[in-house]
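Participant: Sharing a structure with you now.
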Amino acid sequence: MAGKLDGKRIAILATNGVEQVELEQPREAVTREGARTEILSLSEGEIQAMNHDIEPADTFTADKAVKEASAADYDALILPGGTVNADRLRMDRDVVGFVQEIFRAGKPVGVICHGPWTLVEADLVRGRTLTSYPSLRTDIRNAGGTVVDDEVVTDHGLVSSRNPRDLPAFCAKIVEEFAEGAHQGQASGATAG
């Protein structure tokens, strides 16, 4: 039986400190529908996942350093949370540039928990509606975004959720949005150059 995402290639941006369930469950949801995933990180090698930001969990192997990746090679992007993960990713120029390219191409993006910090850094929330972990909401508003407190929010291919409790709704919605492909509104929201 054909999956909804057969033939799709999806990037997952993560580094040390990624919240394990926010990496694993979305990855499982899209691979179950036929997508291939690659973990992109700040460098190749092992990354340390966490549970609840403070408890070491499993390690995962990054398939590629983001500086060696091309947004053109992927159909969609997943940005899991984890406070340390998101903080490290948003400070990397290659990560910011990669995310901006994904948006400019109109490709769908799923972001959960602290993941929107990278979007704030990349100037990609201006004029957009999304949700996040509560501690990021002022940052999103200050960057020109509108924040709502719902388990899953979709804005022209940008899917966002608040925390691990929202994963069932988040996973279902990213599969739906990723299956639809590029979204014109996503590209128009890519204000950063």
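Chains: A, B, ... in order of the structure tokens. Residues: from 1 per chain. Ligands: from 1, in order shown.
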Quick one: residues within 8 Å of Val18 of chain A, only C-alpha atoms counted, chain neighbours fewer than 5 positions away excluded, as number ranges by chain?
Facilitator: A: 23, 48-50, 53, 80-86
Participant: Would you mind writing down, as number ranges by chain, each residue of segment 43-182 of chain A that DSSP on the backbone assigns to alpha helix (DSSP H)?
Facilitator: A: 83-90, 93-104, 116-121, 137-142, 167-180
Participant: Report the distance between atom CA of Ser43 of chain A and atom CA of Ala65 of chain A in Å, rounded to one decimal place.
Facilitator: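 Separation between atom CA of Ser43 of chain A and atom CA of Ala65 of chain A: 4.3 Å.
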Participant: Of the candidates A:Val125, A:Leu79, A:Ala14, A:Ala72, which shows the shortest atom-to-atom distance to Thr59 of chain A, using only C-alpha atoms?
Facilitator: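 Residue with the minimum atom-to-atom distance to Thr59 of chain A: A:Ala14.
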Participant: Go through A:Ile112, A:Ala62, A:Val96, A:Leu136 one by one, measure the shortest atom-to-atom distance of each to Arg165 of chain A using only C-alpha atoms, and give the residue with the smallest value.
Facilitator: A:Ile112
Participant: So which one's closest to Pro26 of chain A, A:Gly127, A:Gly110, A:Gly97, A:Pro116? Using only C-alpha atoms, please.
Facilitator: A:Gly110
Participant: Based on DSSP run over this structure's backbone, return all residues of segment 40-99 of chain A in strand (DSSP E or B), as a list in words.
Facilitator: Leu40, Ser41, Gly45, Glu46, Ile47, Gln48, Ala49, Met50, Asn51, Glu55, Pro56, Ala57, Asp58, Thr59, Phe60, Thr61, Ala62, Lys64, Ala65, Ala76, Leu77, Ile78 and Leu79 of chain A
Participant: Give me the residues near Leu158 of chain A as an MDAnalysis selection string, where near means some atom within 9 Å (using only C-alpha atoms) and where sequence neighbours in that chain fewer than 4 positions away do not count.
Facilitator: chainID A and resid 107:111 128:130 153:154 174 177 186
Participant: Just the selected residues (C-alpha atoms), exported as a compact mmCIF listing (two decimals), in the first residue's frame, please.
Facilitator:
```txt
# COMPACT_ATOMS: atom_id res chain seq x y z
CA LYS A 107 8.38 23.89 1.47
CA PRO A 108 6.33 22.84 4.51
CA VAL A 109 7.89 23.00 7.97
CA GLY A 110 6.90 21.34 11.23
CA VAL A 111 8.17 23.02 14.40
CA ARG A 128 2.67 34.40 10.72
CA THR A 129 0.43 32.69 13.27
CA LEU A 130 1.96 29.89 15.32
CA VAL A 153 -1.53 25.54 14.35
CA THR A 154 -1.13 25.61 10.59
CA ILE A 174 2.75 17.41 9.41
CA GLU A 177 0.89 19.30 5.10
CA GLN A 186 5.13 29.76 2.89
```
Participant: Could you tell me which of A:Ser135, A:Gln184, A:Ser160, A:Asn51 comes closest to Val21 of chain A if we count only C-alpha atoms?
Facilitator: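 Among A:Ser135, A:Gln184, A:Ser160, A:Asn51, it is A:Asn51 that comes nearest to Val21 of chain A.
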Participant: Find the residues around Glu176 of chain A up to 10 Å (only C-alpha atoms counted), leave out those fewer than 3 positions away in its own chain, and share them as a list in words.
Facilitator: Lys4, Leu5, Val30, Gly157, Phe170, Cys171, Ala172, Lys173, Ala179, Glu180 and Gly181 of chain A
Participant: Go ahead and compute the interatomic distance for atom CA of Ala69 of chain A and atom CA of Cys113 of chain A, in Å to one decimal.
Facilitator: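 Calculated distance between atom CA of Ala69 of chain A and atom CA of Cys113 of chain A is 24.2 Å.
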